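Colleague: Here it is, the structure in full.
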Amino acid sequence: MRYIFILICGLFCCSSLPAQNPLVTKDSTAQQRWVDAQYAQMSLDQKLGQLFMVSVASNQSKQATNLIKDLILKEHLGGVIFSKGGPVRQAKLTNDYQAASKIPLLIGMDAEWGLSMRLDSTYAFPWNMTLGAIQDNSIVEKVGYQIGKHSKRLGVQINFAPDLDINTNPKNPIIGNRSFGENRDNVVDKGTAFARGMESAGVLANGKHFPGHGDTEVDSHHNLPVIPFSRKRLDSLELYPFKKLISSGLSSIMVAHLEVPALEMKKGMPSSLSEQIISGILKEELGYEGLIFTDALNMKGVSTKGKDGSVELDAFMAGNDMLLMPENIVSGKEKLTKAYEKGKLSEERLAYSVKKILQAKYKAGLNRYKPVQIDNLYEDLNSLEDDIIYEQAIENAITVVKNKLDLLAVKNLDNKKIAYVKMGDSDNEAFLKGLKNYADVTVVEANDINTLKAKLKDFNLIIVGHHKSNESPWKSYKFSTKELNWLQEIGSERTSNLILCVFAKPYALSDIKSYDTIDAVVMSYQNSDIAQEKTAEILFGAVGATGKLPVTAHKEFPVHTGVLIKPLSRLGYSIPERVGMSSKGLREIDELMSHGLDSLMFPGAQVLVARKGKVIYQKSFGKPTYDSKERITNDYIYDLASLTKILATLPMVMKMEEEGRIGLNNTFEELVPNYSNTEIKNVTVLKALSHYGRLPAWIPFYINTLDENKKPSGEFYRNSPLPGFSTKVYDNLYLADAYKDSIYNRIGRQDLKSNRYRYSDVPYYVMKKVVEESYGQRLDGLTNKFLYNRIGANHTSYNPLEKFDKNMIVPSEEDNYYRYGTVQGYVHDMGAAMQAGVGGHAGLFSNSNDIAKIMQMYLQDGYYGGTKFFDSRTVKKFNTCYFCDNNVRRGVGFDKPQLQHSGPTCGCVSRKSFGHSGFTGTYTWADPEEEIVYVFLSNRTYPSASNTLLVKSGLRTRIQQVIYDSILN
């Protein structure tokens, strides 16, 4: 036989594998009965027609698609492979074609990374090289399953995937990102997992491109590539994945158009036409009994080897079962018919392939064929489940290839000044937004390198993002010469650390001459929004990094390079289903918020929900005022009112308690000696912060500073800062500095109330004084240094006009009783305003994202972002209800769930939960048992604080109920 030489050589190169038929199903008897029945009723013309799979695109003209239907009717085709178009159009064509075919057609597609490889309006999963970086193969199996699920839903029975080529040549023009990588074992593991997932969804897998297309610089679509390696090399590398997947039951294999001298003696013979390679090696030597396809026969790598159907005949005689995308079906069938009539093509040989094709159709369920359902097709091909799997895959693929001095994940945000420099020619918005979720990041741009370097001198951490097109694996991935030069220049400034994030294939790293001046390198593989978001999360420790390079990217970064990065327990960002919640359920929040806006409860608001360390709902609603043109975004900041108590003053009191500066049983007399002769002297910290100290709810200090016209009196105020009048209350309104003592003296003169439980602002005036005197600094500076700067709460501040654009601060009231103007950027609370905007009970401004960080820190027992702010003992101590037996629900500073029917929550939270609400329409709550953080911010006090519709409606706790109702079983 022609292939005897190869067989003899093969005996010395690898052991023969046992024959097996991966197309045989569990109900093999019924399958064989169906196959035999179908075959028995076929004419020769019909049998030959089964060998052909033709190409069609649903975006072609009606005339073109009708020609395929005519071929199905006249030539009795075995299958159709779909190309470009849309899912609904393809589904309708599939139904039309299947109705025209006596035997159901085998519908195929090239959908290596999902239907999006060919179709619009469908889902794109990560490319194989991205999957190759994942260390958990079960994730790759999930991707394969989901792609198979989509294919089956669209009426596709065979997906020509996975690509089993080992991409050892970075210059490969056609494989590249389509390969799982350059390591044979990794390709086997990923290919096996992918195929197993796809076949478990009921779709036939196809290993390609046999005998291996990975090490070539020629595209077989345009010419015939030569694979010049020895048989020993081929056995140990190119052929290896095919051997392994054959043994695991791969349903089908595609044979490439390659010239492989070590396997085929005839010069210029494509592997797809080689009897030595297909019948000799693939079938006999490797024992493969599955379905064998040619690669597309209209490709230049093979189409020039004959005409008028001779290529099709040669391909079949070489051992292929199905002839993919032939140039001329009619001529091909004529050649095959003549060969049959002359005895060159035996009935046995024809039956062997046709029955395999029928077996494959049975295995794919075509014996029970049903038309494709058009209803909900788009929704089924673009599901939340897809998003979850995609996110998991990207998150597990991203690879840190260098991490000098443990720069990643970035810690100590308080001493970081961060710049971002964009390179590449594609989108970067998701990355920049992701970075800004964690820190104050400044975009730095310039037209020349000297200007850029001068601007970057103000920063000590520089993040460079290289963003290239994510449209297809074949798009350009390289740095420009200018970018390479600039990268080296930026890195030469050693006053800062440099992180390089590459959103392109790993080979982009190969053109960088030296990494001596680059401290950290992150390979993200793709430039999708999720890849950008997850890269930002890895940089800041919201998730860890576990990926490893699937190829050698640089001499410094060989295959398998990957630095393990542990997470720092910062908040991440995901979708509800990722943490066991329902997106559909949470959409009810949108409806409630729309009702709140329509009912004029507030002009605008922010709502955030996080669970298990991931923000899964974060939206803004309405406008800053009812008359505003602009819409609220997540960057707007609100007056938090009494949330200040647990987000500013309480952290400092907890810190003091840990340091032994204060005790819960300390009395006001011990803390403020001036109160030694007052009625409040025996009030303890514990009772005061639990609102069990019988103190008044609030004291309207400002009233005594108004004149007879109820305007700020000239006795106490000046229109500009003057000696003794530096306490800024509002625009052109400065309070006498001495009035601070009047506030504390008046507190000391208060009588204790009869009711044991009374919510009160007063303890926080006292605690502010105690904290500031203990540390010798003002509260705002202390909280910035201790908490906000370190935790990355860069939208959180007292007196926000000193840091933020006024237009980004939501106004809280049109004041017609004290300041007589729009309160915007100044604290709404009058007592806090009289303390220069820095109150212990009010004065803090923030957005929902920053509040969630602080609440998550509490939820994590005082740990966040690599920093232990508090001992878990301390958090527990302050989150304890000490007077519950006396029907007082409060913790020490924290509000707690109601003890009876009504209270501050929906009644659906755990007893361990805690939070607070604020007068301006704010609310936040955290539940350790369900790991939920909820933040609601509004300016319900605008234009008037008399608007109590929000409070009366219970909207904030109704939203909380929706959150808990959205937890999935």
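Residue numbering restarts at 1 in every chain; chains get A, B, ... in the order shown in the structure tokens, and ligands count up from 1 in that same order.
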Using DSSP on the backbone, list every residue of range 468-711 of chain A that comes out as strand (DSSP E or B), and give them as an MDAnalysis selection string.
Modeller: chainID A and resid 497:503 520:523 545 554 557 565 572:573 581 604:611 614:622 637:639 667 684 706
Colleague: Just want the 7 Å neighbourhood of Ile418 in chain A, counted on only C-alpha atoms, with same-chain residues fewer than 6 positions away dropped. Output as a list of chain:residue names.
Modeller: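 Close residues of Ile418 in chain A: A:Asp440, A:Val441, A:Thr442, A:Phe459, A:Asn460, A:Leu461, A:Ile462.
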Colleague: Range 446-491 of chain A near range 516-521 of chain A within 10 Å: what's each residue's closest atom pair and its distance in Å to one decimal, counting only C-alpha atoms, ordered by chain then ascending residue number, as a Markdown table?
Modeller:
| residue | atom | partner | partner_atom | distance |
| --- | --- | --- | --- | --- |
| A:Ile462 | CA | A:Ile518 | CA | 10.0 |
| A:Ile463 | CA | A:Ala520 | CA | 9.4 |
| A:Val464 | CA | A:Val521 | CA | 9.6 |
| A:Leu487 | CA | A:Ile518 | CA | 8.7 |
| A:Gln488 | CA | A:Thr517 | CA | 7.2 |
| A:Glu489 | CA | A:Thr517 | CA | 9.1 |
| A:Ile490 | CA | A:Thr517 | CA | 8.5 |
| A:Gly491 | CA | A:Thr517 | CA | 4.8 |
Colleague: Write the residues of the preceding selection, restricted to N, CA and C atoms, as a PDB file, in the first residue's frame.
Modeller:
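File again-v4.pdb, as written:
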ATOM      1  N   ILE A 462       2.874  54.768  38.075  1.00  0.00           N
ATOM      2  CA  ILE A 462       2.392  54.982  36.712  1.00  0.00           C
ATOM      3  C   ILE A 462       1.858  53.653  36.175  1.00  0.00           C
ATOM      4  N   ILE A 463       0.643  53.687  35.675  1.00  0.00           N
ATOM      5  CA  ILE A 463       0.033  52.516  35.051  1.00  0.00           C
ATOM      6  C   ILE A 463      -0.094  52.789  33.562  1.00  0.00           C
ATOM      7  N   VAL A 464       0.531  51.952  32.767  1.00  0.00           N
ATOM      8  CA  VAL A 464       0.426  52.059  31.311  1.00  0.00           C
ATOM      9  C   VAL A 464      -0.475  50.935  30.820  1.00  0.00           C
ATOM     10  N   LEU A 487       7.830  53.923  26.266  1.00  0.00           N
ATOM     11  CA  LEU A 487       7.755  53.033  27.418  1.00  0.00           C
ATOM     12  C   LEU A 487       9.102  52.964  28.133  1.00  0.00           C
ATOM     13  N   GLN A 488      10.158  52.869  27.380  1.00  0.00           N
ATOM     14  CA  GLN A 488      11.489  52.835  27.976  1.00  0.00           C
ATOM     15  C   GLN A 488      11.829  54.166  28.644  1.00  0.00           C
ATOM     16  N   GLU A 489      11.421  55.256  28.020  1.00  0.00           N
ATOM     17  CA  GLU A 489      11.692  56.577  28.582  1.00  0.00           C
ATOM     18  C   GLU A 489      10.926  56.789  29.893  1.00  0.00           C
ATOM     19  N   ILE A 490       9.666  56.374  29.914  1.00  0.00           N
ATOM     20  CA  ILE A 490       8.861  56.518  31.127  1.00  0.00           C
ATOM     21  C   ILE A 490       9.489  55.727  32.266  1.00  0.00           C
ATOM     22  N   GLY A 491       9.901  54.509  31.949  1.00  0.00           N
ATOM     23  CA  GLY A 491      10.486  53.648  32.966  1.00  0.00           C
ATOM     24  C   GLY A 491      11.821  54.123  33.476  1.00  0.00           C
TER      25      GLY A 491
END
Colleague: Using 6 Å as the limit and counting only C-alpha atoms, can you tabulate each residue of range 456-548 of chain A that touches range 566-572 of chain A, with its shortest atom-to-atom distance in Å and the two atoms involved, as CSV?
Modeller:
residue,atom,partner,partner_atom,distance
A:Gly541,CA,A:Pro567,CA,4.5
A:Ala542,CA,A:Arg570,CA,4.4
A:Val543,CA,A:Pro567,CA,4.8
A:Gly544,CA,A:Pro567,CA,4.4
Colleague: Using CA of Thr684 in chain A and CA of Ala738 in chain A as the two end points, give the distance in Å to one decimal.
Modeller: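 Computing the Euclidean distance for CA of Thr684 in chain A and CA of Ala738 in chain A yields 27.2 Å.
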Colleague: Please provide the set of residues having any atom within 7 Å of range 695-702 of chain A, restricted to only C-alpha atoms, with same-chain residues fewer than 6 positions apart removed, written as a ChimeraX atom specification.
Modeller: /A:743,752-753,758-762,830-831
Colleague: Using only C-alpha atoms, determine which residues lie at most 6 Å from range 623-638 of chain A, disregarding the query and same-chain residues fewer than 5 positions distant; provide the list as a PyMOL selection string.
Modeller: chain A and resi 603-604+808-810+845-847
Colleague: Next, dump the selected residues to file, keeping only C-alpha atoms, as a short mmCIF file (atom, residue, chain, number, x, y, z; two decimals), in the first residue's frame.
Modeller:
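File produced: again04.cif:
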data_model
loop_
_atom_site.label_atom_id
_atom_site.label_comp_id
_atom_site.auth_asym_id
_atom_site.auth_seq_id
_atom_site.Cartn_x
_atom_site.Cartn_y
_atom_site.Cartn_z
CA PRO A 603 -34.67 64.83 42.99
CA GLY A 604 -32.03 62.14 42.61
CA MET A 808 -20.41 67.17 41.37
CA ILE A 809 -21.87 67.87 44.83
CA VAL A 810 -25.61 67.36 45.16
CA PHE A 845 -19.88 63.85 52.06
CA SER A 846 -19.39 60.79 49.89
CA ASN A 847 -20.78 58.58 47.15
#
Colleague: Hey, which of A:Asn969, A:Asn939, A:Thr922, A:Gln960 ends up closest to Cys906 in chain A? Count only C-alpha atoms.
Modeller: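 Among the listed residues, the smallest separation from Cys906 in chain A belongs to A:Gln960.
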Colleague: I want to know what sits within 12 Å of range 509-513 of chain A, based on only C-alpha atoms, with residues of the same chain fewer than 3 positions away left out; could you give that as a VMD selection string?
Modeller: chain A and resid 170 to 171 401 to 402 466 477 to 488 491 500 to 506 516 to 518 521 to 525 549 551 to 558
Colleague: Next, the residues of the selection above should be written as a compact mmCIF listing (two decimals), in the first residue's frame with N, CA and C atoms.
Modeller:
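Dumped to result21.txt:
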# COMPACT_ATOMS: atom_id res chain seq x y z
N PRO A 170 5.47 32.31 16.94
CA PRO A 170 4.77 33.58 17.19
C PRO A 170 4.33 34.29 15.92
N LYS A 171 4.97 33.97 14.80
CA LYS A 171 4.65 34.64 13.54
C LYS A 171 3.57 33.91 12.75
N VAL A 401 3.07 38.54 35.03
CA VAL A 401 4.32 37.90 34.62
C VAL A 401 5.55 38.51 35.30
N LYS A 402 5.36 39.67 35.90
CA LYS A 402 6.45 40.26 36.69
C LYS A 402 5.82 41.04 37.84
N HIS A 466 -1.85 49.05 27.44
CA HIS A 466 -1.69 48.85 25.99
C HIS A 466 -2.96 48.19 25.48
N TYR A 477 -1.59 43.50 17.23
CA TYR A 477 -1.39 43.45 18.68
C TYR A 477 -0.12 44.17 19.13
N LYS A 478 0.69 44.63 18.20
CA LYS A 478 2.02 45.14 18.52
C LYS A 478 2.00 46.59 19.04
N PHE A 479 3.03 46.89 19.83
CA PHE A 479 3.33 48.28 20.17
C PHE A 479 3.90 48.96 18.94
N SER A 480 3.62 50.24 18.78
CA SER A 480 4.29 51.00 17.73
C SER A 480 5.72 51.29 18.18
N THR A 481 6.55 51.64 17.23
CA THR A 481 7.93 52.00 17.57
C THR A 481 7.97 53.17 18.54
N LYS A 482 7.10 54.13 18.33
CA LYS A 482 7.02 55.29 19.22
C LYS A 482 6.64 54.85 20.63
N GLU A 483 5.67 53.95 20.73
CA GLU A 483 5.24 53.49 22.05
C GLU A 483 6.33 52.73 22.77
N LEU A 484 7.08 51.92 22.04
CA LEU A 484 8.19 51.18 22.65
C LEU A 484 9.24 52.13 23.19
N ASN A 485 9.53 53.16 22.44
CA ASN A 485 10.51 54.15 22.89
C ASN A 485 10.00 54.92 24.11
N TRP A 486 8.75 55.31 24.07
CA TRP A 486 8.16 56.05 25.18
C TRP A 486 8.12 55.20 26.44
N LEU A 487 7.83 53.92 26.27
CA LEU A 487 7.75 53.03 27.42
C LEU A 487 9.10 52.96 28.13
N GLN A 488 10.16 52.87 27.38
CA GLN A 488 11.49 52.83 27.98
C GLN A 488 11.83 54.17 28.64
N GLY A 491 9.90 54.51 31.95
CA GLY A 491 10.49 53.65 32.97
C GLY A 491 11.82 54.12 33.48
N LEU A 500 2.85 47.83 33.70
CA LEU A 500 2.42 47.70 32.32
C LEU A 500 1.31 46.65 32.24
N CYS A 501 0.17 47.04 31.69
CA CYS A 501 -0.95 46.12 31.49
C CYS A 501 -1.20 45.99 29.99
N VAL A 502 -1.14 44.77 29.49
CA VAL A 502 -1.24 44.53 28.05
C VAL A 502 -2.55 43.84 27.73
N PHE A 503 -3.39 44.51 26.96
CA PHE A 503 -4.69 43.98 26.56
C PHE A 503 -4.59 43.52 25.10
N ALA A 504 -3.76 42.52 24.88
CA ALA A 504 -3.51 41.98 23.55
C ALA A 504 -2.85 40.63 23.73
N LYS A 505 -2.54 39.94 22.64
CA LYS A 505 -1.93 38.62 22.77
C LYS A 505 -0.54 38.71 23.39
N PRO A 506 -0.08 37.66 24.04
CA PRO A 506 1.19 37.71 24.79
C PRO A 506 2.39 38.10 23.95
N ASP A 516 13.90 45.95 32.67
CA ASP A 516 14.60 46.39 33.87
C ASP A 516 13.91 47.57 34.55
N THR A 517 13.28 48.43 33.75
CA THR A 517 12.68 49.64 34.32
C THR A 517 11.17 49.51 34.50
N ILE A 518 10.64 48.31 34.23
CA ILE A 518 9.20 48.06 34.41
C ILE A 518 9.04 47.16 35.62
N VAL A 521 4.27 43.60 35.30
CA VAL A 521 3.69 43.38 33.97
C VAL A 521 2.49 42.46 34.12
N VAL A 522 1.36 42.91 33.58
CA VAL A 522 0.13 42.12 33.65
C VAL A 522 -0.33 41.83 32.23
N MET A 523 -0.52 40.55 31.93
CA MET A 523 -1.01 40.13 30.62
C MET A 523 -2.49 39.83 30.74
N SER A 524 -3.30 40.61 30.02
CA SER A 524 -4.76 40.47 30.10
C SER A 524 -5.35 39.79 28.87
N TYR A 525 -4.55 39.58 27.83
CA TYR A 525 -4.88 38.78 26.65
C TYR A 525 -5.88 39.43 25.71
N LEU A 549 1.31 32.08 31.58
CA LEU A 549 1.47 32.28 30.14
C LEU A 549 1.35 30.95 29.39
N VAL A 551 2.19 30.69 26.26
CA VAL A 551 3.27 30.73 25.27
C VAL A 551 4.43 31.52 25.85
N THR A 552 5.57 31.39 25.21
CA THR A 552 6.71 32.23 25.58
C THR A 552 6.49 33.61 25.00
N ALA A 553 6.42 34.61 25.87
CA ALA A 553 6.14 35.97 25.42
C ALA A 553 7.41 36.79 25.24
N HIS A 554 8.48 36.38 25.90
CA HIS A 554 9.75 37.11 25.88
C HIS A 554 10.77 36.18 26.52
N LYS A 555 12.04 36.43 26.26
CA LYS A 555 13.06 35.58 26.87
C LYS A 555 13.00 35.63 28.39
N GLU A 556 12.52 36.75 28.94
CA GLU A 556 12.36 36.85 30.38
C GLU A 556 11.07 36.21 30.88
N PHE A 557 10.15 35.94 29.95
CA PHE A 557 8.84 35.41 30.34
C PHE A 557 8.52 34.16 29.52
N PRO A 558 9.14 33.04 29.85
CA PRO A 558 8.87 31.80 29.11
C PRO A 558 7.47 31.26 29.41
Colleague: Taking the DSSP secondary structure from the backbone, can you list the residues of range 219-288 of chain A that are alpha helix (DSSP H), as a ChimeraX atom specification?
Modeller: /A:231-236,240-247,275
Colleague: Counting only C-alpha atoms, what is within 9 Å of range 940-957 of chain A, bar same-chain residues fewer than 5 positions away, as a PyMOL selection string?
Modeller: chain A and resi 592-593+596+599-605+625-626+811-815+822+904-907+919-923+962
Colleague: Report the distance between CA of Tyr744 in chain A and CA of Glu669 in chain A in Å, rounded to one decimal place.
Modeller: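 CA of Glu669 in chain A lies 13.0 Å from CA of Tyr744 in chain A.
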Colleague: Might you pull out every residue within 6 Å of Asp414 in chain A, with only C-alpha atoms counted and same-chain residues fewer than 2 positions away left off, and present them as number ranges by chain?
Modeller: A: 412, 416, 789-790
Colleague: For the residues selected in the previous step, produce a file with C-alpha atoms as a CSV table (one decimal), in the first residue's frame.
Modeller:
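Output below, filename again-v6.csv:
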chain,number,residue,atom,x,y,z
A,412,ASN,CA,-0.9,51.7,51.0
A,416,LYS,CA,0.2,56.6,46.2
A,789,ASN,CA,-6.9,57.7,52.2
A,790,ARG,CA,-5.9,54.2,53.1
Colleague: List as JSON lines every residue of range 54-103 of chain A that is in contact with range 34-47 of chain A, defined as an atom at most 10 Å from one of its atoms (using only C-alpha atoms), together with the nearest atom pair and the distance in Å rounded to one decimal, sorted by chain and then rising number.
Modeller:
{"residue": "A:Lys74", "atom": "CA", "partner": "A:Gln46", "partner_atom": "CA", "distance": 9.2}
{"residue": "A:Glu75", "atom": "CA", "partner": "A:Gln46", "partner_atom": "CA", "distance": 7.0}
{"residue": "A:His76", "atom": "CA", "partner": "A:Gln46", "partner_atom": "CA", "distance": 5.3}
{"residue": "A:Leu77", "atom": "CA", "partner": "A:Gln46", "partner_atom": "CA", "distance": 7.7}
{"residue": "A:Gly78", "atom": "CA", "partner": "A:Lys47", "partner_atom": "CA", "distance": 8.7}
{"residue": "A:Lys102", "atom": "CA", "partner": "A:Gln46", "partner_atom": "CA", "distance": 9.5}
{"residue": "A:Ile103", "atom": "CA", "partner": "A:Gln38", "partner_atom": "CA", "distance": 7.9}
